[in-house]
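> My file is protein-v1.tsv. It has TSV, C-alpha atoms:
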```
chain	number	residue	atom	x	y	z
E	1	MET	CA	-208.43	-68.59	-0.22
E	2	GLY	CA	-210.15	-69.85	2.90
E	3	ARG	CA	-208.36	-70.15	6.19
E	4	SER	CA	-209.69	-73.64	6.95
E	5	ARG	CA	-206.55	-75.10	5.38
E	6	ARG	CA	-203.00	-74.49	6.50
E	7	THR	CA	-200.71	-72.98	3.90
E	8	LEU	CA	-197.48	-74.65	2.78
E	9	PRO	CA	-195.24	-72.10	4.57
E	10	GLU	CA	-197.09	-72.84	7.80
E	11	GLU	CA	-196.78	-76.59	7.33
E	12	LEU	CA	-193.10	-76.36	6.47
E	13	LEU	CA	-192.45	-74.30	9.58
E	14	LEU	CA	-194.38	-76.72	11.79
E	15	LEU	CA	-192.34	-79.60	10.35
E	16	ALA	CA	-189.13	-77.77	11.19
E	17	LEU	CA	-190.16	-76.85	14.73
E	18	ASP	CA	-188.54	-79.11	17.30
E	19	PRO	CA	-191.19	-80.01	19.90
E	20	ALA	CA	-188.56	-80.60	22.58
E	21	THR	CA	-186.50	-77.42	22.24
E	22	GLY	CA	-188.86	-74.95	20.60
E	23	THR	CA	-186.24	-74.09	17.98
E	24	THR	CA	-186.38	-74.56	14.22
E	25	ALA	CA	-184.16	-76.99	12.35
E	26	GLN	CA	-182.07	-75.68	9.44
E	27	PRO	CA	-182.90	-72.01	10.20
E	28	GLN	CA	-180.97	-70.36	7.37
E	29	SER	CA	-182.16	-72.68	4.61
E	30	LEU	CA	-185.64	-72.67	6.17
E	31	ASP	CA	-185.89	-68.94	5.43
E	32	LEU	CA	-185.34	-69.76	1.75
E	33	GLY	CA	-187.83	-72.59	1.96
E	34	LEU	CA	-190.55	-70.33	3.34
E	35	ALA	CA	-190.12	-67.92	0.43
E	36	GLY	CA	-190.31	-70.89	-1.94
E	37	ALA	CA	-193.35	-72.31	-0.16
E	38	GLN	CA	-195.15	-69.02	-0.75
E	39	LEU	CA	-194.59	-69.42	-4.48
E	40	VAL	CA	-195.99	-72.95	-4.47
E	41	GLU	CA	-199.02	-71.87	-2.43
E	42	LEU	CA	-199.70	-69.02	-4.84
E	43	ALA	CA	-199.39	-71.46	-7.76
E	44	LEU	CA	-201.83	-73.88	-6.12
E	45	ALA	CA	-204.22	-70.94	-5.71
E	46	GLY	CA	-203.94	-70.19	-9.43
E	47	ARG	CA	-202.28	-66.79	-8.95
E	48	ILE	CA	-198.90	-67.56	-10.50
E	49	ALA	CA	-197.49	-70.15	-12.91
E	50	PRO	CA	-194.04	-71.30	-14.00
E	51	ASP	CA	-192.64	-69.80	-17.19
E	52	GLY	CA	-189.49	-71.81	-17.82
E	53	ASP	CA	-187.32	-71.10	-14.81
E	54	ARG	CA	-189.29	-67.94	-14.10
E	55	ILE	CA	-192.47	-67.16	-12.19
E	56	ALA	CA	-195.28	-65.27	-13.92
E	57	VAL	CA	-198.34	-63.69	-12.31
E	58	VAL	CA	-201.46	-64.96	-14.10
E	59	ALA	CA	-204.20	-63.75	-11.72
E	60	PRO	CA	-203.28	-60.83	-9.45
E	61	ARG	CA	-206.46	-60.87	-7.37
E	62	PRO	CA	-205.85	-61.26	-3.60
E	63	THR	CA	-205.97	-64.65	-1.92
E	64	GLY	CA	-207.23	-63.36	1.42
E	65	ASP	CA	-203.97	-64.32	3.16
E	66	PRO	CA	-202.09	-61.07	3.97
E	67	THR	CA	-198.61	-62.59	3.82
E	68	LEU	CA	-199.23	-64.37	0.53
E	69	ASP	CA	-200.91	-61.28	-0.90
E	70	CYS	CA	-197.86	-59.19	-0.03
E	71	ALA	CA	-195.66	-61.63	-1.98
E	72	LEU	CA	-198.14	-61.65	-4.87
E	73	GLU	CA	-198.15	-57.85	-5.04
E	74	LEU	CA	-194.36	-57.74	-5.07
E	75	LEU	CA	-194.32	-60.22	-7.93
E	76	ARG	CA	-196.96	-58.20	-9.81
E	77	ARG	CA	-194.93	-55.01	-9.45
E	78	ARG	CA	-192.01	-56.66	-11.21
E	79	GLY	CA	-194.01	-56.41	-14.42
E	80	ALA	CA	-192.21	-59.37	-16.00
E	81	PRO	CA	-191.64	-62.98	-14.99
E	82	VAL	CA	-188.99	-63.30	-12.28
E	83	ARG	CA	-186.43	-66.09	-12.06
E	84	ALA	CA	-187.42	-68.34	-9.17
E	85	VAL	CA	-183.84	-68.49	-7.95
E	86	HIS	CA	-183.65	-64.69	-7.78
E	87	TRP	CA	-186.95	-64.36	-5.98
E	88	ILE	CA	-186.05	-66.96	-3.36
E	89	GLY	CA	-182.53	-65.56	-2.95
E	90	GLY	CA	-183.79	-62.01	-2.49
E	91	PRO	CA	-184.19	-60.33	0.91
E	92	ARG	CA	-187.11	-61.62	2.96
E	93	LEU	CA	-186.35	-60.08	6.33
E	94	GLY	CA	-188.59	-61.30	9.12
E	95	LEU	CA	-190.47	-63.91	7.08
E	96	ARG	CA	-189.88	-66.70	9.59
E	97	GLN	CA	-190.91	-64.47	12.47
E	98	THR	CA	-194.00	-63.39	10.54
E	99	TYR	CA	-195.12	-66.99	10.23
E	100	LEU	CA	-194.23	-67.86	13.81
E	101	SER	CA	-196.29	-64.91	15.03
E	102	HIS	CA	-199.14	-65.97	12.78
E	103	LEU	CA	-199.07	-69.52	14.15
E	104	GLU	CA	-199.11	-68.05	17.65
E	105	ARG	CA	-202.18	-65.92	16.85
E	106	CYS	CA	-203.88	-69.01	15.45
E	107	GLY	CA	-203.15	-70.87	18.68
E	108	MET	CA	-200.92	-73.50	17.04
E	109	VAL	CA	-197.79	-72.44	18.96
E	110	HIS	CA	-197.11	-70.38	22.05
E	111	ALA	CA	-194.07	-68.21	22.72
E	112	VAL	CA	-191.76	-68.93	25.66
E	113	ALA	CA	-189.49	-66.06	26.66
E	114	GLY	CA	-185.99	-66.82	27.91
E	115	GLN	CA	-182.40	-65.66	27.94
E	116	MET	CA	-179.21	-66.80	26.28
E	117	CYS	CA	-176.18	-66.83	28.54
E	118	GLY	CA	-178.35	-65.11	31.12
E	119	VAL	CA	-178.27	-61.85	29.14
E	120	LEU	CA	-179.64	-61.97	25.60
E	121	PRO	CA	-183.44	-62.19	25.35
E	122	THR	CA	-184.70	-65.12	23.33
E	123	THR	CA	-188.06	-66.51	22.31
E	124	ARG	CA	-188.77	-70.17	21.73
E	125	TYR	CA	-191.97	-71.55	20.26
E	126	GLN	CA	-193.72	-74.65	21.53
E	127	ALA	CA	-196.51	-76.35	19.61
E	128	THR	CA	-199.79	-76.23	21.49
E	129	ASP	CA	-201.13	-79.30	19.69
E	130	ASN	CA	-198.56	-81.80	18.48
E	131	ALA	CA	-201.34	-83.68	16.66
E	132	ILE	CA	-201.18	-81.07	13.89
E	133	SER	CA	-197.48	-81.68	13.31
E	134	ARG	CA	-198.05	-85.44	13.49
E	135	GLU	CA	-200.76	-85.19	10.82
E	136	ILE	CA	-198.43	-83.26	8.51
E	137	ARG	CA	-195.64	-85.74	9.14
E	138	ALA	CA	-197.99	-88.67	8.54
E	139	ARG	CA	-198.71	-87.40	5.02
E	140	LEU	CA	-195.01	-87.46	4.21
E	141	ASP	CA	-194.55	-90.86	5.85
E	142	SER	CA	-197.43	-92.29	3.85
E	143	ALA	CA	-196.06	-90.98	0.56
E	144	ILE	CA	-192.64	-92.41	1.38
E	145	ARG	CA	-193.92	-95.76	2.64
E	146	THR	CA	-196.54	-96.55	0.00
E	147	GLY	CA	-194.82	-95.21	-3.08
E	148	ILE	CA	-198.19	-93.95	-4.33
E	149	PRO	CA	-197.83	-90.54	-6.03
E	150	PRO	CA	-198.96	-87.96	-3.46
E	151	ASP	CA	-201.26	-85.03	-4.08
E	152	PRO	CA	-199.50	-81.87	-5.36
E	153	ARG	CA	-199.55	-80.19	-1.95
E	154	THR	CA	-197.85	-83.11	-0.20
E	155	ALA	CA	-195.40	-83.56	-3.09
E	156	ALA	CA	-194.43	-79.88	-2.90
E	157	LEU	CA	-194.05	-80.09	0.89
E	158	ALA	CA	-191.76	-83.10	0.48
E	159	ALA	CA	-189.71	-81.28	-2.17
E	160	LEU	CA	-189.29	-78.24	0.07
E	161	ALA	CA	-188.48	-80.35	3.13
E	162	HIS	CA	-185.72	-82.05	1.15
E	163	ALA	CA	-184.46	-78.77	-0.31
E	164	VAL	CA	-184.01	-77.08	3.07
E	165	GLY	CA	-182.37	-80.14	4.63
E	166	LEU	CA	-185.18	-81.31	6.90
E	167	GLY	CA	-184.66	-84.92	5.81
E	168	LYS	CA	-182.01	-85.51	8.45
E	169	HIS	CA	-184.25	-83.84	11.05
E	170	LEU	CA	-187.30	-85.94	10.14
E	171	TYR	CA	-185.50	-89.20	9.36
E	172	PRO	CA	-182.19	-89.15	11.25
E	173	GLY	CA	-179.30	-91.59	11.29
E	174	ASN	CA	-178.45	-94.57	9.14
E	175	GLU	CA	-181.89	-96.05	9.71
E	176	GLY	CA	-183.45	-93.01	8.06
E	177	ARG	CA	-181.24	-93.09	4.97
E	178	SER	CA	-183.74	-94.85	2.71
E	179	SER	CA	-186.55	-92.55	3.87
E	180	ARG	CA	-184.42	-89.50	3.11
E	181	SER	CA	-183.73	-90.88	-0.35
E	182	ARG	CA	-187.42	-91.47	-1.03
E	183	LEU	CA	-188.23	-87.99	0.32
E	184	ARG	CA	-185.84	-86.59	-2.28
E	185	ASP	CA	-187.48	-88.67	-5.02
E	186	LEU	CA	-190.91	-87.16	-4.29
E	187	ILE	CA	-189.63	-83.92	-5.82
E	188	ARG	CA	-190.63	-85.18	-9.27
E	189	HIS	CA	-194.35	-85.40	-8.50
E	190	ASP	CA	-195.09	-81.66	-8.59
E	191	PRO	CA	-193.54	-79.48	-11.33
E	192	MET	CA	-193.91	-76.22	-9.41
E	193	GLY	CA	-192.64	-77.77	-6.19
E	194	GLY	CA	-189.69	-79.20	-8.10
E	195	LEU	CA	-188.87	-75.87	-9.72
E	196	VAL	CA	-188.96	-74.08	-6.38
E	197	ALA	CA	-187.06	-76.79	-4.51
E	198	HIS	CA	-184.25	-76.75	-7.08
E	199	ALA	CA	-184.16	-72.94	-6.85
E	200	VAL	CA	-183.80	-73.19	-3.06
E	201	MET	CA	-180.89	-75.59	-3.46
E	202	ASP	CA	-179.31	-73.41	-6.16
E	203	VAL	CA	-179.39	-70.40	-3.83
E	204	GLN	CA	-177.69	-72.42	-1.10
E	205	ASN	CA	-175.05	-73.58	-3.57
E	206	GLY	CA	-174.40	-70.06	-4.77
E	207	ALA	CA	-175.84	-70.65	-8.24
E	208	ALA	CA	-178.23	-67.71	-7.91
E	209	ALA	CA	-175.37	-65.27	-8.33
E	210	GLN	CA	-174.16	-67.03	-11.50
E	211	PRO	CA	-177.13	-67.30	-13.90
E	212	ARG	CA	-176.55	-69.01	-17.21
E	213	ARG	CA	-176.03	-66.46	-19.98
E	214	SER	CA	-175.80	-66.61	-23.76
E	215	PRO	CA	-172.49	-65.84	-25.41
E	216	ALA	CA	-171.79	-62.11	-25.49
E	217	PRO	CA	-172.55	-60.36	-28.78
E	218	ALA	CA	-169.61	-59.12	-30.80
E	219	GLY	CA	-168.30	-55.82	-29.57
E	220	ARG	CA	-169.44	-56.20	-25.95
E	221	GLN	CA	-166.77	-55.06	-23.54
E	222	ALA	CA	-165.07	-57.96	-21.88
E	223	ALA	CA	-164.47	-58.17	-18.17
E	224	PRO	CA	-161.02	-58.97	-16.79
E	225	GLY	CA	-159.98	-62.50	-17.60
E	226	GLY	CA	-161.61	-62.47	-21.02
E	227	ARG	CA	-165.24	-62.92	-19.86
E	228	ALA	CA	-168.00	-60.67	-21.06
E	229	ALA	CA	-169.21	-58.21	-18.48
E	230	ALA	CA	-172.40	-59.51	-16.90
E	231	GLU	CA	-175.61	-57.53	-17.15
E	232	PRO	CA	-177.71	-56.88	-14.07
E	233	ALA	CA	-179.92	-59.87	-13.32
E	234	ARG	CA	-183.65	-59.53	-13.81
E	235	GLY	CA	-185.98	-59.93	-10.88
E	236	VAL	CA	-185.23	-59.64	-7.22
E	237	PRO	CA	-181.65	-58.61	-6.32
E	238	VAL	CA	-179.76	-61.61	-5.06
E	239	GLN	CA	-178.55	-61.37	-1.51
E	240	PRO	CA	-177.53	-64.42	0.52
E	241	ARG	CA	-180.05	-65.10	3.24
E	242	ARG	CA	-179.22	-65.00	6.89
E	243	GLY	CA	-181.25	-65.88	9.95
E	244	SER	CA	-183.74	-63.06	10.17
E	245	MET	CA	-185.08	-63.32	13.67
E	246	ALA	CA	-183.26	-61.25	16.23
E	247	ARG	CA	-185.13	-62.70	19.16
E	248	VAL	CA	-185.85	-66.26	18.12
E	249	VAL	CA	-183.31	-68.93	18.96
E	250	ALA	CA	-183.15	-71.35	16.06
E	251	HIS	CA	-180.24	-73.78	16.08
```
Can I see the file as C-alpha cells?

Amino acid sequence: MGRSRRTLPEELLLLALDPATGTTAQPQSLDLGLAGAQLVELALAGRIAPDGDRIAVVAPRPTGDPTLDCALELLRRRGAPVRAVHWIGGPRLGLRQTYLSHLERCGMVHAVAGQMCGVLPTTRYQATDNAISREIRARLDSAIRTGIPPDPRTAALAALAHAVGLGKHLYPGNEGRSSRSRLRDLIRHDPMGGLVAHAVMDVQNGAAAQPRRSPAPAGRQAAPGGRAAAEPARGVPVQPRRGSMARVVAH
C-alpha cells in the first residue's frame, strides 16, 4: 500500500481533531472507531473480508503500513475468523497516540506541550494544514448534499464518523439535524463499513459482552437463574475501552 493516500484511521482522527483546542472529539468512542477503521482499510487493501459478522484474513501479505500490518498479523494469529465486535472491543492501548504521533511525523499536526491545573503535563495537537481536514470534510459534505452514492472509502468514513458520534461535532445544533441524519444513512453504501460501524455501536451499547448464542444442548449445566452457562467468546477478549493516552488531553 503506498503512502500517497491517507488511511481511514488517519482521516477519522483528523476529522475528530478540533482545530481550535487541539483536542479530539468523542475520545472514548474514537478509540473504538480507529480500531474499526483499521479493519475497513485492510478490507479495502484486499487483506481481509467479512464472513458473516466475523472478519477473515484472505491475504496475509504486508501492506507496507506498520500499524495496519500489526493489526493484520494479530488477526492472522487468531487462526479463525474473529467477530468484528470482539476485535473492536478488545484492548488497543495507545492506538490513538500511535496515530497522533504518526500524523506529527508526517507533518500534518504538531504537538503543543502544556499543563492541566498547572501540574499535570498534557499534549495537544494542532493541524499544520487545515486544508487537509477541509478536504476530508468536503467529501462528507458532498455525499450528504448531493445524495449521490459515495465511493466505498468515503461511505466507510461516514459510517465510522456516525458510529463514534462525530455527527454532532461536524454538524452541531438543530440546523445540523438533517445532515446528521443523512450522515447516518450513508452507512448502507459500504458493506464492510456498515459491519464495522454497527460493531462499534454494539461495543458502546454493551452488546459485545452478550453475543447471540444458540439454545444450549441437552445436558449442559445451567447457570444460576436457569440460563445455560456461556462459553468463552471466540476472538479478542472483550474489555471496555477507555481513553488510552496518558498525556493527551481529549475532551
> Given all atoms listed in the file, how would the per-residue table for region 123-194 of chain E near region 24-32 of chain E read, listing every residue at most 8 Å away with its closest atom pair and distance in Å to one decimal, sorted by chain and number, as CSV?

```
residue,atom,partner,partner_atom,distance
E:Val164,CA,E:Ser29,CA,5.0
E:Gly165,CA,E:Gln26,CA,6.6
E:Leu166,CA,E:Gln26,CA,6.9
E:His169,CA,E:Ala25,CA,7.0
```
> Determine the nearest neighbour of His189 (chain E) from the options E:Thr122, E:Thr154, E:Thr128, E:Thr98, counting all atoms listed in the file.
E:Thr154
> Please indicate the distance in Å from CA of Pro62 (chain E) to CA of Ala155 (chain E), rounded to one decimal place.
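These atoms are spaced 24.6 Å apart.
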> Using only C-alpha atoms, find the one residue out of E:Pro60, E:Gly36, E:Gly173, E:Gly114 that sits nearest to Met201 (chain E).
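Of E:Pro60, E:Gly36, E:Gly173, E:Gly114, the one nearest Met201 (chain E) is E:Gly36, counting only C-alpha atoms.
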> Suppose you want the space between CA of Val82 (chain E) and CA of Arg54 (chain E); what is it in Å?
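Between these atoms lies a distance of 5.0 Å.
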> Could you state the separation of CA of His110 (chain E) and CA of Ala158 (chain E) in Å, given to one decimal place?
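These atoms are spaced 25.6 Å apart.
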> Which neighbours of Pro81 (chain E) fall inside 8 Å, counting all atoms listed in the file, when residues of the same chain fewer than 3 positions from it are skipped, and could you give them as a list in words?
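Those residues are Asp51, Arg54, Ile55, Ala56, Val57, Arg78 and Gly235 of chain E.
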> For Ala45 (chain E), list every protein, DNA or RNA residue within 12 Å, evaluated using only C-alpha atoms, and leave out those in the same chain fewer than 6 positions away; present the list as a PyMOL selection string.
chain E and resi 1-2+7-8+38-39+57-65+68-69+72+152-153
> Considering all atoms listed in the file, can you say which of E:Leu170, E:Ala35, E:Ile144, E:Leu15 comes closest to Arg92 (chain E)?
E:Ala35
> With all atoms listed in the file counted, which protein, DNA or RNA residues have an atom no more than 12 Å from (-202.1, -70.0, 15.9) in the file frame? Please answer as JSON, numbers by chain.
{"E": [3, 6, 10, 14, 98, 99, 100, 101, 102, 103, 104, 105, 106, 107, 108, 109, 110, 111, 125, 126, 127, 128, 129, 132]}
> Take the point (-190.4, -73.2, 1.8) as written in the file and pick out every residue within 6 Å of it, counting all atoms listed in the file; give the list as an mmCIF file with C-alpha atoms, in the coordinates of the input.

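Result file is point_16.cif:
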```cif
data_model
loop_
_atom_site.group_PDB
_atom_site.id
_atom_site.type_symbol
_atom_site.label_atom_id
_atom_site.label_comp_id
_atom_site.auth_asym_id
_atom_site.auth_seq_id
_atom_site.Cartn_x
_atom_site.Cartn_y
_atom_site.Cartn_z
ATOM 1 C CA PRO E 9 -195.240 -72.100 4.570
ATOM 2 C CA GLY E 33 -187.830 -72.590 1.960
ATOM 3 C CA LEU E 34 -190.550 -70.330 3.340
ATOM 4 C CA ALA E 35 -190.120 -67.920 0.430
ATOM 5 C CA GLY E 36 -190.310 -70.890 -1.940
ATOM 6 C CA ALA E 37 -193.350 -72.310 -0.160
ATOM 7 C CA LEU E 160 -189.290 -78.240 0.070
#
```
> Kindly indicate which residue among E:Ala156, E:Ala80, E:Leu44, E:Thr67 lies nearest to Gly193 (chain E), using only C-alpha atoms for the distances.
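Nearest to Gly193 (chain E): E:Ala156.
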> I'd like to know which of E:Arg83, E:Asn205, E:Arg5, E:Asp141 is closest to Gly176 (chain E), using all atoms listed in the file.
E:Asp141
> Taking the partial coordinates given, rebuild region 117-129 of chain E to contain N, CA, C and O atoms; return it as a PDB file, in the coordinates of the input.

```pdb
ATOM      1  N   CYS E 117    -177.321 -67.193  27.696  1.00  0.00           N
ATOM      2  CA  CYS E 117    -176.180 -66.830  28.540  1.00  0.00           C
ATOM      3  C   CYS E 117    -176.599 -65.882  29.664  1.00  0.00           C
ATOM      4  O   CYS E 117    -175.786 -65.103  30.165  1.00  0.00           O
ATOM      5  N   GLY E 118    -177.870 -65.939  30.035  1.00  0.00           N
ATOM      6  CA  GLY E 118    -178.350 -65.110  31.120  1.00  0.00           C
ATOM      7  C   GLY E 118    -178.467 -63.642  30.794  1.00  0.00           C
ATOM      8  O   GLY E 118    -178.753 -62.824  31.677  1.00  0.00           O
ATOM      9  N   VAL E 119    -178.264 -63.272  29.512  1.00  0.00           N
ATOM     10  CA  VAL E 119    -178.270 -61.850  29.140  1.00  0.00           C
ATOM     11  C   VAL E 119    -179.176 -61.584  27.946  1.00  0.00           C
ATOM     12  O   VAL E 119    -180.091 -60.754  28.025  1.00  0.00           O
ATOM     13  N   LEU E 120    -178.929 -62.256  26.838  1.00  0.00           N
ATOM     14  CA  LEU E 120    -179.640 -61.970  25.600  1.00  0.00           C
ATOM     15  C   LEU E 120    -181.051 -62.530  25.635  1.00  0.00           C
ATOM     16  O   LEU E 120    -181.243 -63.720  25.910  1.00  0.00           O
ATOM     17  N   PRO E 121    -182.056 -61.686  25.367  1.00  0.00           N
ATOM     18  CA  PRO E 121    -183.440 -62.190  25.350  1.00  0.00           C
ATOM     19  C   PRO E 121    -183.678 -63.106  24.155  1.00  0.00           C
ATOM     20  O   PRO E 121    -183.195 -62.848  23.049  1.00  0.00           O
ATOM     21  N   THR E 122    -184.376 -64.177  24.381  1.00  0.00           N
ATOM     22  CA  THR E 122    -184.700 -65.120  23.330  1.00  0.00           C
ATOM     23  C   THR E 122    -186.184 -65.483  23.408  1.00  0.00           C
ATOM     24  O   THR E 122    -186.820 -65.291  24.445  1.00  0.00           O
ATOM     25  N   THR E 123    -186.691 -66.008  22.333  1.00  0.00           N
ATOM     26  CA  THR E 123    -188.060 -66.510  22.310  1.00  0.00           C
ATOM     27  C   THR E 123    -188.069 -67.869  21.629  1.00  0.00           C
ATOM     28  O   THR E 123    -187.562 -68.007  20.514  1.00  0.00           O
ATOM     29  N   ARG E 124    -188.598 -68.848  22.313  1.00  0.00           N
ATOM     30  CA  ARG E 124    -188.770 -70.170  21.730  1.00  0.00           C
ATOM     31  C   ARG E 124    -190.256 -70.410  21.523  1.00  0.00           C
ATOM     32  O   ARG E 124    -191.085 -69.800  22.190  1.00  0.00           O
ATOM     33  N   TYR E 125    -190.578 -71.306  20.596  1.00  0.00           N
ATOM     34  CA  TYR E 125    -191.970 -71.550  20.260  1.00  0.00           C
ATOM     35  C   TYR E 125    -192.300 -73.028  20.440  1.00  0.00           C
ATOM     36  O   TYR E 125    -191.653 -73.881  19.837  1.00  0.00           O
ATOM     37  N   GLN E 126    -193.288 -73.289  21.276  1.00  0.00           N
ATOM     38  CA  GLN E 126    -193.720 -74.650  21.530  1.00  0.00           C
ATOM     39  C   GLN E 126    -195.075 -74.873  20.871  1.00  0.00           C
ATOM     40  O   GLN E 126    -195.967 -74.024  20.952  1.00  0.00           O
ATOM     41  N   ALA E 127    -195.223 -76.015  20.217  1.00  0.00           N
ATOM     42  CA  ALA E 127    -196.510 -76.350  19.610  1.00  0.00           C
ATOM     43  C   ALA E 127    -197.541 -76.581  20.697  1.00  0.00           C
ATOM     44  O   ALA E 127    -197.264 -77.221  21.713  1.00  0.00           O
ATOM     45  N   THR E 128    -198.721 -76.037  20.509  1.00  0.00           N
ATOM     46  CA  THR E 128    -199.790 -76.230  21.490  1.00  0.00           C
ATOM     47  C   THR E 128    -200.537 -77.537  21.249  1.00  0.00           C
ATOM     48  O   THR E 128    -201.184 -78.055  22.145  1.00  0.00           O
ATOM     49  N   ASP E 129    -200.455 -78.043  20.040  1.00  0.00           N
ATOM     50  CA  ASP E 129    -201.130 -79.300  19.690  1.00  0.00           C
ATOM     51  C   ASP E 129    -200.225 -80.081  18.751  1.00  0.00           C
ATOM     52  O   ASP E 129    -200.197 -79.830  17.548  1.00  0.00           O
TER      53      ASP E 129
END
```
